[in-house]
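Participant: So that we are looking at the same thing, I have put the structure below in structure tokens.
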Amino acid sequence: MFSVKRIELVIEAVEKQRVISTLKAVNIFNYTIYNHVGGYGERGARGDLAFGEKFENVTFVIACPENRLTTIIESLRPILKSYGGMCLVSDAQWIIH
Amino acid sequence: MFSVKRIELVIEAVEKQRVISTLKAVNIFNYTIYNHVGGYGERGARGDLAFGEKFENVTFVIACPENRLTTIIESLRPILKSYGGMCLVSDAQWIIH
Amino acid sequence: MFSVKRIELVIEAVEKQRVISTLKAVNIFNYTIYNHVGGYGERGARGDLAFGEKFENVTFVIACPENRLTTIIESLRPILKSYGGMCLVSDAQWIIH
Amino acid sequence: MATITNRDYQLNSFQSLLTPSIMFFALGFVAQLIKSDLKLPVELTKSITIYLLISVGIHGGIELSHATFLDAVPSIFTAVALGVLLPIIAYLIINKVGKIDHLNAVAIATHYGSVSAGTFLTAIAFLEALHIDFEKYPIIMLAIMESPAILVGLVMASYLRGKHLNNSGAIQSNKSELIKEAFTNGSIVLLMGGLLIGDIATEKSIKTILPFFDHLFMGVLCVFLLSMGMEAGKKISDFKVAGKFLICFGALMPLISGLIGVMIGAYLLNFSVGGSTLVGVLAASASYIAVPPAMRMAIPEANPSIYLTLALGITFPFNVLFGIPLYYSFANFLL
Amino acid sequence: MATITNRDYQLNSFQSLLTPSIMFFALGFVAQLIKSDLKLPVELTKSITIYLLISVGIHGGIELSHATFLDAVPSIFTAVALGVLLPIIAYLIINKVGKIDHLNAVAIATHYGSVSAGTFLTAIAFLEALHIDFEKYPIIMLAIMESPAILVGLVMASYLRGKHLNNSGAIQSNKSELIKEAFTNGSIVLLMGGLLIGDIATEKSIKTILPFFDHLFMGVLCVFLLSMGMEAGKKISDFKVAGKFLICFGALMPLISGLIGVMIGAYLLNFSVGGSTLVGVLAASASYIAVPPAMRMAIPEANPSIYLTLALGITFPFNVLFGIPLYYSFANFLL
Amino acid sequence: MATITNRDYQLNSFQSLLTPSIMFFALGFVAQLIKSDLKLPVELTKSITIYLLISVGIHGGIELSHATFLDAVPSIFTAVALGVLLPIIAYLIINKVGKIDHLNAVAIATHYGSVSAGTFLTAIAFLEALHIDFEKYPIIMLAIMESPAILVGLVMASYLRGKHLNNSGAIQSNKSELIKEAFTNGSIVLLMGGLLIGDIATEKSIKTILPFFDHLFMGVLCVFLLSMGMEAGKKISDFKVAGKFLICFGALMPLISGLIGVMIGAYLLNFSVGGSTLVGVLAASASYIAVPPAMRMAIPEANPSIYLTLALGITFPFNVLFGIPLYYSFANFLL
Ligand SMILES: Nc1ncnc2c1ncn2[C@@H]1O[C@H](COP(=O)(O)O)[C@@H](O)[C@H]1O
Ligand SMILES: Nc1ncnc2c1ncn2[C@@H]1O[C@H](COP(=O)(O)O)[C@@H](O)[C@H]1O
Ligand SMILES: Nc1ncnc2c1ncn2[C@@H]1O[C@H](COP(=O)(O)O)[C@@H](O)[C@H]1O
Ligand code: NA
Ligand code: NA
Ligand code: NA
């Protein structure tokens with residue numbers, strides 16, 4: 001068991017690939033992803049249309065060592081700036097397997 | 001980055017609209033929602049029937065300032081009382097975008 | 001409101017039943033489950049195939065009293081050993097209803 | 001039809017059990033029993049249900065385009081009456097005989113006043129396999145009978161709450177909302193919409209959509225029953241939550257109401273053997289789509305596992321496997 | 001066809017509003033208005049869209065297998081021209097007349113230069129109900145018109161950004177990627193693929209797949225329009241986000257471009273009444289599938305609620321209920 | 001049939017590559033290569049697979065209702081033998097020639113002993129396009145061949161684990177559970193269920209479901225192959241994970257086993273050209289539905305990316321594009 005940071009990023013589905021590439025660029029390859037996520041934010045409702053997963057959210061959950069946090073956050077910030085979304089960071093324990 | 005409370009509410013899908021209205025009534029408009037959530041609790045299994053998203057759970061994740069927490073919780077409590085469900089609160093950091 | 005541990009277990013969908021039985025064996029009956037979860041880890045990409053929810057992840061969220069944590073973790077460890085997956089533990093407050 | 005010899009009938013009846021649709025029901029049931037990993041996507045089952053409801057509606061509408069509204073009045077009236085009386089009878093049996101607590105009893109009883117489109121469709125497949133004609137009014141009754149029982153359930157529940165229970169602090173669910181929902185239910189919209197469209201549209205234009213809504217019907221029904229067989233098979237393992245009394249109830253109640261229904265169809269509505277069988281099926285079937293969520297909202301104190309297991313795991317398969325041929329032979333015997 | 005008497009036409013036209021497909025659209029719309037809990041699985045709507053696009057493509061391909069590529073050149077040229085000009089006209093109206101800010105104006109305008117396959121399919125159902133023949137070139141135009149407007153939108157947006165706005169720190173979305181996406185869109189692949197396969201495959205082998213792709217078409221279209229009616233009904237409640245000017249725009253713009261389209265079809269392309277109607281429909285319809293996500297990526301500053309509400313909640317139902325018969329009568333009047 | 005001239009055959013064979021179903025496979029493949037955003041809902045692909053398996057089963061069942069069980073014994077026996085021998089051959093090639101480690105070798109080899117219903121269905125479409133008749137026993141073989149290879153894989157894995165590896169602390173997956181799963185797999189249930197129902201049901205009642213299960217078959221198959229083309233296109237980009245040796249193996253193994261299969265069909269089972277081709281296809285095809293999850297559970301040490309890429313990205317497209325016509329011409333040459 002060791003301490004990690006748990007990043008929870010809710011963002012528009014269209015930005016999925018961009019997030020994955022951005023993470024790769026800072027050497028983060030591992031993540032968990034939830035598709036078809038709905039929500040309501042400053043940019044209105046998401047996830048209620050028959051066309052288009054393109055107007056849904058996806059959620060990324062990324063567990064990373066504390067010392068990687070700032071790099072990751074800073075790499076994601078421009079995406080959050082343009083396309084909105086929510087990014088929460090909390091503390092967690094990683095169970096080694 | 002500033003501190004927020006992360007509310008994670010797992011509740012029956014039929015109560016979705018009621019939760020949204022209740023949140024609105026206390027001026028909380030933003031949330032993230034996960035549909036088709038399964039689970040097992042005091043009221044048995046959820047989310048395994050061919051008919052009916054009506055017997056599934058949904059999960060609301062709400063990030064709010066600490067000083068709004070009590071109001072929100074108290075507004076949700078009656079719903080939890082009648083229809084069961086789980087409500088967890090934890091600390092998180094909100095990444096400003 | 002009282003303190004609990006929030007366990008978040010991301011594991012291959014094929015192991016769903018095994019996790020449920022394992023939890024039952026240590027007297028944990030309640031959990032929330034998210035199906036069709038994607039991800040990327042040491043064992044490559046998950047959740048992008050037309051056949052087979054069998055190559056997807058599922059996420060279990062389990063809220064438990066602090067004193068039950070070790071038992072649960074130890075019961076899950078062998079599964080994590082064989083089949084990979086992620087297991088995060090964090091602190092949360094349970095809202096009594 | 002009534003002059004059919006008994007032996008012929010038995011042959012026919014047995015053979016009819018071997019219609020593809022019923023064999024698919026059995027296949028799904030067996031797949032579940034042997035714990036096969038066979039799974040139909042939930043969206044497939046939902047899509048098929050939508051298709052079947054529209055199809056049945058259109059079919060009925062085409063036939064009814066020859067009738068006047070007045071002709072339908074007795075059927076409509078009967079449907080409402082059945083929807084009101086059956087849940088009361090069921091409640092009395094469950095609460096008085098079975099000693100089940102008031103609110104659980106109401107929640108369960110309500111299911112038996114409403115109807116199961118799946119059972120109705122299977123009955124139609126059964127009749128068509130035997131080449132038995134039937135009146136189309138039961139399709140209207142199917143649409144109508146969804147709702148009244150829910151209202152009766154609401155009334156019973158609030159009466160009993162007032163009489164026997166002191167209200168807990170629980171939220172009272174908005175009653176007018178529940179009533180509205182009882183009447184704007186998705187199945188009702190599809191059935192009634194189909195009926196209307198089948199009735200209004202010109203014969204020519206209807207013909208363009210029949211290859212989809214008519215020719216495929218029996219085949220699609222097979223996949224539906226495959227899925228229903230699997231659901232029934234899943235639920236059957238929850239038997240113990242229901243307890244012995246309720247298990248018996250789940251098979252006896254449809255028997256009682258099915259026979260009542262057939263008699264009403266034959267003597268009151270003057271339907272043929274086919275039509276009377278369908279009225280029997282409407283009376284006998286228990287709702288597993290519209291009523292469960294309504295009861296979950298209206299009577300959160302009741303245990304959903306019980307009423308779902310009864311409606312889906314016991315009454316539905318009972319009707320499909322034994323009830324339908326039985327109601328049919330009873331109708332045959334009467335007429 | 002042009003010698004049809006006016007009265008006959010009116011009768012036909014009214015009757016045509018009662019085709020099953022349009023009644024299903026109305027059913028979905030009403031279901032939403034009465035807040036029924038009716039829901040079609042999203043996957044069903046997507047699957048049906050895929051089916052319809054392939055079917056229309058194959059259908060067109062079979063017909064085009066008799067034509068040469070040269071015959072199609074004028075249609076292709078016209079499609080591109082419409083795709084370029086319509087968004088510019090729309091932008092000028094929205095920005096100059098409506099005083100809507102530049103970027104929102106571009107985002108909205110782009111939708112009107114592209115097309116809606118759903119509207120096109122409804123128009124085909126309409127023509128077939130009236131037994132009106134039509135040229136198949138509009139199907140190619142449908143595939144082609146998806147993309148040019150998106151490019152025009154991109155160009156306009158970056159021009160206006162340079163001229164009127166100082167770029168915020170926001171990421172500039174990769175333009176070449178967006179352009180690539182405009183041309184490899186799923187609908188284009190299905191339509192073009194269907195066209196090609198219908199064109200190349202031998203008549204014999206095509207016949208084996210027609211029971212699925214042809215005979216069921218009109219029936220499946222009903223379910224599609226049911227779903228579209230529900231979407232339109234959902235969006236209609238968002239009216240207020242659009243504001244009065246844009247609501248009017250959502251009904252007037254298709255009128256203008258529809259009439260222009262019919263004239264182009266009739267006089268420039270020398271199409272029959274049926275074909276000219278379809279060109280009108282292509283010009284009049286606004287994209288609600290391909291363009292919204294493209295604009296979301298290209299112009300994140302614009303408000304998606306506005307353009308989605310306009311395209312789906314106003315222009316689509318307007319075209320289905322009033323536009324199509326209108327463009328048809330205009331074509332009828334011209335020819 | 002065997003007297004067909006060589007030139008005729010070549011023409012036919014090329015033309016057969018232009019059947020709609022195979023063109024749809026190519027369309028899906030190309031869509032993926034040009035990175036189109038085209039997506040079929042996963043539930044659609046699953047639903048179609050269910051439909052196709054039932055249809056093929058029913059079809060076979062109808063034909064087999066004229067045969068006795070004894071007639072099927074040689075086919076059944078052959079199916080089991082192939083399922084046992086092919087994975088052993090494949091294992092030896094992979095491990096001895098390719099020097100791939102034991103457990104990965106077993107996991108991969110197992111896939112080649114089992115079958116791919118998608119390949120089989122494509123072969124049927126191919127034969128029907130050429131108007132070639134075929135025996136129905138291969139359908140039974142398709143159902144039977146799903147399982148034995150999985151058992152062989154389990155046995156090989158535990159033998160090799162004992163011999164070459166000291167067991168890590170990893171959980172031993174429950175073997176009896178895995179064996180049970182091998183025989184109650186969803187595809188087997190659907191195929192066998194369909195066969196049984198097609199066999200038992202009366203001709204009259206079967207006719208009512210053929211518009212759905214028969215007439216639509218070839219059209220639905222097109223959508224299935226569109227989806228398979230997309231999957232294959234996705235997987236092809238994972239080529240490098242497999243390495244050169246395994247890529248060659250993915251194309252050579254089906255060649256070897258396909259030719260063996262054709263010979264067995266022609267000489268041992270005395271099938272016609274059509275039937276022998278199908279036996280070849282059964283032998284040549286690699287499972288991508290039943291076996292991968294079984295191997296994932298039974299041999300968690302092996303890398304799923306490798307066996308999925310091989311079965312789905314290499315062997316499947318190889319068989320669809322080259323294998324099937326090749327096995328057919330070989331059968332043609334032999335008979
Ligand atoms: N306070 C919040 N709590 C939970 N989720 C939020 C919150 N704010 C935004 N979101 C999520 O982030 C998405 C995009 O937010 P926005 O960019 O503000 O529209 C929304 O659709 C929600 O899913
Ligand atoms: N201890 C727990 N941990 C995780 N989820 C829970 C827990 N208890 C209840 N839940 C979730 O809350 C839902 C409703 O709970 P209940 O009202 O107890 O039936 C369940 O279906 C689960 O999804
Ligand atoms: N660092 C991480 N952050 C988030 N999710 C992870 C992480 N590592 C692994 N996972 C999840 O756990 C699954 C299995 O991981 P693995 O066993 O490493 O392949 C992946 O598919 C991811 O969903
Ligand atoms: Na009833
Ligand atoms: Na347009
Ligand atoms: Na094989």
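So you can find residues: chains in the structure tokens are A, B, ... in the order shown, residues in each start at 1, and ligands are numbered from 1 in order.
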Give me, as a ChimeraX atom specification, the set of residues whose atoms come within 10 Å of any atom of ligand 1, counting only C-alpha atoms and all ligand atoms.

Facilitator: /A:9-12,37-47,55-59,80-88 /B:4-8,28-34,60-65,94,97

Participant: Using only C-alpha atoms, determine which residues of chain E fall within 6 Å of chain D; present them as a list of chain:residue names.

Facilitator: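 Per the criterion, chain E yields E:Leu18, E:Ser36, E:Asp37, E:Leu38, E:Pro41, E:Leu216, E:Met218, E:Gly219.
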
Participant: Write the selection just made, keeping C-alpha atoms, as an mmCIF file, in the first residue's frame?

Facilitator:
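After the write, out00.cif holds the following:
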```cif
data_model
loop_
_atom_site.group_PDB
_atom_site.id
_atom_site.type_symbol
_atom_site.label_atom_id
_atom_site.label_comp_id
_atom_site.auth_asym_id
_atom_site.auth_seq_id
_atom_site.Cartn_x
_atom_site.Cartn_y
_atom_site.Cartn_z
ATOM 1 C CA LEU E 18 -51.326 10.756 -43.091
ATOM 2 C CA SER E 36 -44.712 9.768 -21.456
ATOM 3 C CA ASP E 37 -41.882 7.642 -20.139
ATOM 4 C CA LEU E 38 -41.561 6.092 -23.592
ATOM 5 C CA PRO E 41 -32.805 2.721 -26.699
ATOM 6 C CA LEU E 216 -38.365 -3.370 -44.717
ATOM 7 C CA MET E 218 -40.684 1.953 -45.072
ATOM 8 C CA GLY E 219 -41.446 0.107 -41.845
#
```

Participant: For each of D:Leu127, D:Ile264, D:Val291, D:Ile140, take the minimum atom-to-atom distance to chain B, counting only C-alpha atoms, then give the residue where this is smallest.

Facilitator: D:Val291

Participant: Got a sec to tell me which of stretch 14-259 of chain F DSSP assigns to helix (DSSP H, G or I), as a PyMOL selection string?

Facilitator: chain F and resi 14-17+20-33+42-64+69-97+102-113+117-129+137-145+148-164+175-184+186-200+203-213+217-236+239-259

Participant: As a ChimeraX atom specification, please: every protein or nucleic acid residue near ligand 6 (cut-off 10 Å, counting only C-alpha atoms and all ligand atoms).

Facilitator: /F:79,82-83,86-87,109-116,142,145-146,149,253-254,257-258,261,279-287

Participant: Keeping only C-alpha atoms, write the selected residues to a file as a short mmCIF file (atom, residue, chain, number, x, y, z; two decimals), in the first residue's frame.

Facilitator:
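Contents of out.cif, as written:
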```cif
data_model
loop_
_atom_site.label_atom_id
_atom_site.label_comp_id
_atom_site.auth_asym_id
_atom_site.auth_seq_id
_atom_site.Cartn_x
_atom_site.Cartn_y
_atom_site.Cartn_z
CA ALA F 79 -15.61 -32.58 -35.63
CA LEU F 82 -10.40 -31.99 -35.63
CA GLY F 83 -11.01 -30.08 -32.41
CA LEU F 86 -5.65 -29.04 -34.65
CA PRO F 87 -4.63 -27.30 -31.42
CA ALA F 109 -3.10 -22.83 -30.52
CA THR F 110 -6.41 -23.39 -28.81
CA HIS F 111 -8.05 -20.72 -30.94
CA TYR F 112 -7.20 -22.66 -34.10
CA GLY F 113 -8.86 -25.83 -32.89
CA SER F 114 -12.13 -24.07 -32.35
CA VAL F 115 -14.21 -22.30 -35.01
CA SER F 116 -15.44 -18.91 -36.11
CA LEU F 142 -19.86 -25.88 -36.22
CA MET F 145 -16.21 -27.83 -32.70
CA GLU F 146 -16.54 -24.87 -30.35
CA ALA F 149 -10.28 -27.41 -28.39
CA MET F 253 -2.10 -22.21 -40.23
CA PRO F 254 -5.58 -21.72 -41.78
CA SER F 257 -5.83 -26.87 -41.72
CA GLY F 258 -8.20 -25.65 -44.43
CA GLY F 261 -10.36 -30.06 -43.77
CA VAL F 279 -15.39 -28.55 -43.55
CA GLY F 280 -12.28 -26.79 -44.82
CA VAL F 281 -13.59 -23.52 -43.46
CA LEU F 282 -14.36 -25.06 -40.08
CA ALA F 283 -10.86 -26.43 -39.81
CA ALA F 284 -9.27 -23.22 -41.05
CA SER F 285 -11.15 -20.72 -38.95
CA ALA F 286 -9.98 -19.53 -35.54
CA SER F 287 -12.38 -18.70 -32.74
#
```

Participant: Can you measure atom CA of F:Phe120 to atom CA of F:Glu63 for me? One decimal in Å is fine.

Facilitator: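 These atoms are spaced 17.4 Å apart.
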
Participant: So that I can check the surroundings of stretch 71-75 of chain A, please list as a PyMOL selection string every protein, DNA and RNA residue that reaches within 7 Å of it, counting only C-alpha atoms and ignoring chain neighbours fewer than 4 positions away.

Facilitator: chain A and resi 22-23+26
